[in-house]
Amino acid sequence: MRIGFLFNHHGGHQVAHALPVALQLRRQNRHADVSVLVSEGSEPEVRRLVAAHDGPAPEIVRLRPPSAFARAANKASGNALPADIVSSLHRNLDRFRNLDALVVPEKTSLLLKSLFGLKTLKLVHTRHGAGDRAIGFDKASGRFDLVLLSGEKIRDRLAQADLLKDDGHAIVGYPKFDMPPPAHPRLFPKDRPTVLYNPHPSPALSSWFRMGPQILDWFAKSDRYNLIFAPHVMLFKKRVTASLSPFALGWNHGPRPEHYEHDHMLIDTGSAASLDMTYTNAADIYLGDASSQVYEFIRRRDRAYSSIRARAVAGQSRFRPLACGTGRRLDRRACRRTRVRPAADARDARAAEQHVPVQLQPRRAPVLGTRRTGDPRLSGACMTAMSKSPPAPSLLAAFLDYGVKKTLHKWLVRARCSLFAAEEGAVVTSRYGVRMRANPDDRTFQYCRYATYGHVLSDFLAAQDRPFAFVDIGANQGLYSLLAAQNGHCTRAIAFEPVSRTFALLRDNIALNGLKQTIQPVRAAVSIQSGMATIAADARHSGTASLRGGAPADAAGEDISILGIAGVDALIEGSVPLIVKIDVEGHEETVVEALAQSAHLPRIAAIFYEIDARWTDAAKIEKMLRAAGFTRFDRFGFGRHYDMLAQR
């Protein structure tokens, strides 16, 4: 029997609700013909979980991508219309025809029978979670040949709606619990009660659209709790979110820039940690909406949890676990300890909403409207604004300037600093003309102080004579953000630096130069998706901090936040052209790939990035940038380590 498991979605949140079935089936019968069919959006999570599995792995097959028209329709709708998902089904019909059964965690795949004529294909539904929303119990839920259920409550509710076939269902438990347990990383520097805020993406049910930013504001001002903000991974994937049951539309705006600055707040809008129960295991208090993650939270021990959408679920028994209590019962003592009390009926639900540890007045849900994003019409403006660019040196000039002169300058700087080091914490004026807090044993600071990095980028930034914004990815102590902000045409600069010690110096240097109003420091690395990672940081040369590995053996590891491109987009809203600097020690390819997915890509006029041939594929980066519309590439440097300036 040929069995396929289909994951045809923009995100990976459905994977753990069906993939464990495939892995167990493959384990029990090594000769079973099991394949996993994946779209581009779900493939990373599938491969991650398969790699963590110690048994035989099923074949993983990449689906043919949706048509260009379907992708355009999906993009034009702000990702609200699933035209690309339906197109993927249509373009892979030959793969589905070769199967006897197809296991799916969603209901769009029913179109294979109703629209595309695959009447003999058996469809098995694992559902994705144990959620209680009405849409999980509509007529489509009863059209599968077999439904795998998490428990008796789901079975009884489907039976009441006359949606179960006598021989077409089975209680199998919660497949996600069969995955290997996640690691337990230390998420915060200080031990405080940890709150997990997990809003739903549906505008009709989600607290985010009504009060989410205010909740983050409350926690930002409080030192009583650590906060994990890990919403449903689809909340910010779409610019426009449509809720079908009941119908509602919402326009998605992410957290504000200042929310990312606090050590006691972890913001993760879509990494693997938001999918594998890392956060539900780490939290002491669950604050959320209608989500099956509440069952993942309460399965381990007695912990307090509450729905801040209590009015929406009051009196509905299917939402009783979200009211407040513990895994075994509604425990009033546990709730009192966290200033939350049980809500077993409508009256108590209204009271519970007043005792959640955020005293907020709900706002009306935002309505569909316009949002300032990248406009393709800006391309010409970008090209004009960046017209003053330095000429690339000849091969001989590069050898003399970088191979000889710069190398000698580094040696002289090291010798000088070993003899005449500045006092730790003193304020010095760099030869670039900016004030900096002395960090005398750090080679990066030494090079900043004595202008060892040369003047290509500094002159390029100083020469701009039209409005621009500067995005500094890998800002370190902020040299180039400071230089950009000194140009009166720079409207703002956003400086990303994930290492805590270096970030503190960055903030000091911004204040020393009186540029707090222009430069926004963000303590995070940049990648495609948000999450957490460990970075190797060397105090003797902070500029070598790297996510790629290969750091000195005595380099200290530090857990850092990673900001996905959706979060970056929220920070760089505007209309002026962007100049981007990337210096991330081997992570350049990933950052460029993330920028290629940015809504503001048409505004990016120039990208200055570092290449080290030992770990960076320069040809791959150039190919990605050419595909994004960059046409001019100038090289500055000699040998295997050099800088590139890409322009439109």
# chains A, B, ... in the order shown; residues from 1 in each chain; ligands from 1
call {"tool": "residues_around", "arguments": {"residues": "A:Ile562", "least_positions_apart": "3", "cutoff": "7 Å", "atoms": "only C-alpha atoms", "output": "short mmCIF file (atom, residue, chain, number, x, y, z; two decimals) with N, CA and C atoms, in the first residue's frame"}}
result
data_model
loop_
_atom_site.label_atom_id
_atom_site.label_comp_id
_atom_site.auth_asym_id
_atom_site.auth_seq_id
_atom_site.Cartn_x
_atom_site.Cartn_y
_atom_site.Cartn_z
N ALA A 524 19.38 41.92 18.50
CA ALA A 524 18.98 40.69 17.81
C ALA A 524 19.84 40.51 16.58
N ALA A 525 19.98 39.26 16.17
CA ALA A 525 20.54 38.96 14.86
C ALA A 525 19.40 38.93 13.86
N VAL A 526 19.73 38.90 12.59
CA VAL A 526 18.71 38.91 11.53
C VAL A 526 18.80 37.61 10.74
N SER A 527 17.63 37.03 10.49
CA SER A 527 17.58 35.82 9.68
C SER A 527 16.22 35.76 9.00
N SER A 530 12.25 34.20 13.04
CA SER A 530 12.64 34.56 14.40
C SER A 530 12.92 33.31 15.21
N GLY A 531 13.67 33.48 16.29
CA GLY A 531 13.95 32.36 17.17
C GLY A 531 15.08 32.67 18.12
N MET A 532 15.76 31.61 18.57
CA MET A 532 16.90 31.73 19.47
C MET A 532 18.06 30.92 18.88
#
call {"tool": "residues_around", "arguments": {"residues": "stretch 23-32 of chain A", "least_positions_apart": "5", "cutoff": "9 Å", "atoms": "only C-alpha atoms", "output": "PyMOL selection string"}}
result
chain A and resi 1-3+50+53+55-58
call {"tool": "closest_residue", "arguments": {"among": "A:Pro193, A:Gly514, A:Pro498, A:Pro105", "to": "A:Ala533", "atoms": "only C-alpha atoms"}}
result
A:Pro498
call {"tool": "residues_around", "arguments": {"residues": "A:Ala426", "least_positions_apart": "2", "cutoff": "9 Å", "atoms": "only C-alpha atoms", "output": "PyMOL selection string"}}
result
chain A and resi 422-424+428+436-439
call {"tool": "closest_residue", "arguments": {"among": "A:Arg443, A:Ser542, A:Arg256, A:Leu112", "to": "A:Ala415", "atoms": "only C-alpha atoms"}}
result
A:Arg443
call {"tool": "closest_residue", "arguments": {"among": "A:Asp276, A:Asp191, A:Asp54, A:Asp643", "to": "A:His17", "atoms": "only C-alpha atoms"}}
result
A:Asp276
call {"tool": "closest_residue", "arguments": {"among": "A:Leu515, A:Leu63, A:Cys490, A:Val103", "to": "A:Pro20", "atoms": "only C-alpha atoms"}}
result
A:Val103
call {"tool": "residues_around", "arguments": {"residues": "A:Arg501", "least_positions_apart": "4", "cutoff": "10 Å", "atoms": "only C-alpha atoms", "output": "PyMOL selection string"}}
result
chain A and resi 476-477+497+505-506+537+539+542
call {"tool": "write_last_selection", "arguments": {"atoms": "N, CA, C and O atoms", "output": "PDB file, in the first residue's frame"}}
result
ATOM      1  N   ASN A 476      27.865  45.790  15.642  1.00  0.00           N
ATOM      2  CA  ASN A 476      28.942  45.786  16.620  1.00  0.00           C
ATOM      3  C   ASN A 476      28.798  47.018  17.521  1.00  0.00           C
ATOM      4  O   ASN A 476      27.720  47.239  18.088  1.00  0.00           O
ATOM      5  N   GLN A 477      29.813  47.847  17.634  1.00  0.00           N
ATOM      6  CA  GLN A 477      29.750  49.003  18.527  1.00  0.00           C
ATOM      7  C   GLN A 477      29.176  50.243  17.846  1.00  0.00           C
ATOM      8  O   GLN A 477      29.156  51.325  18.429  1.00  0.00           O
ATOM      9  N   GLU A 497      22.454  44.294  16.687  1.00  0.00           N
ATOM     10  CA  GLU A 497      23.623  43.696  17.338  1.00  0.00           C
ATOM     11  C   GLU A 497      23.124  42.735  18.418  1.00  0.00           C
ATOM     12  O   GLU A 497      22.480  43.158  19.376  1.00  0.00           O
ATOM     13  N   LEU A 505      27.753  48.564  24.561  1.00  0.00           N
ATOM     14  CA  LEU A 505      28.658  49.579  24.016  1.00  0.00           C
ATOM     15  C   LEU A 505      27.988  50.355  22.882  1.00  0.00           C
ATOM     16  O   LEU A 505      28.173  51.572  22.757  1.00  0.00           O
ATOM     17  N   LEU A 506      27.217  49.651  22.050  1.00  0.00           N
ATOM     18  CA  LEU A 506      26.482  50.309  20.966  1.00  0.00           C
ATOM     19  C   LEU A 506      25.561  51.387  21.518  1.00  0.00           C
ATOM     20  O   LEU A 506      25.541  52.524  21.022  1.00  0.00           O
ATOM     21  N   ALA A 537      31.191  34.293  20.838  1.00  0.00           N
ATOM     22  CA  ALA A 537      31.671  35.671  20.949  1.00  0.00           C
ATOM     23  C   ALA A 537      33.041  35.683  21.615  1.00  0.00           C
ATOM     24  O   ALA A 537      33.238  35.083  22.675  1.00  0.00           O
ATOM     25  N   ALA A 539      35.736  38.101  23.310  1.00  0.00           N
ATOM     26  CA  ALA A 539      35.884  39.439  23.881  1.00  0.00           C
ATOM     27  C   ALA A 539      37.114  40.159  23.340  1.00  0.00           C
ATOM     28  O   ALA A 539      37.178  41.381  23.331  1.00  0.00           O
ATOM     29  N   SER A 542      35.501  41.368  19.130  1.00  0.00           N
ATOM     30  CA  SER A 542      34.042  41.224  19.094  1.00  0.00           C
ATOM     31  C   SER A 542      33.508  41.120  17.673  1.00  0.00           C
ATOM     32  O   SER A 542      32.423  40.589  17.446  1.00  0.00           O
TER      33      SER A 542
END
call {"tool": "closest_residue", "arguments": {"among": "A:Ala161, A:Met179, A:Ile298, A:Val471", "to": "A:Val15", "atoms": "only C-alpha atoms"}}
result
A:Met179
call {"tool": "atom_distance", "arguments": {"atom1": "atom CA of A:Phe460", "atom2": "atom CA of A:Thr518"}}
result
18.7 Å
call {"tool": "atom_distance", "arguments": {"atom1": "atom CA of A:Leu287", "atom2": "atom CA of A:Leu196"}}
result
5.8 Å
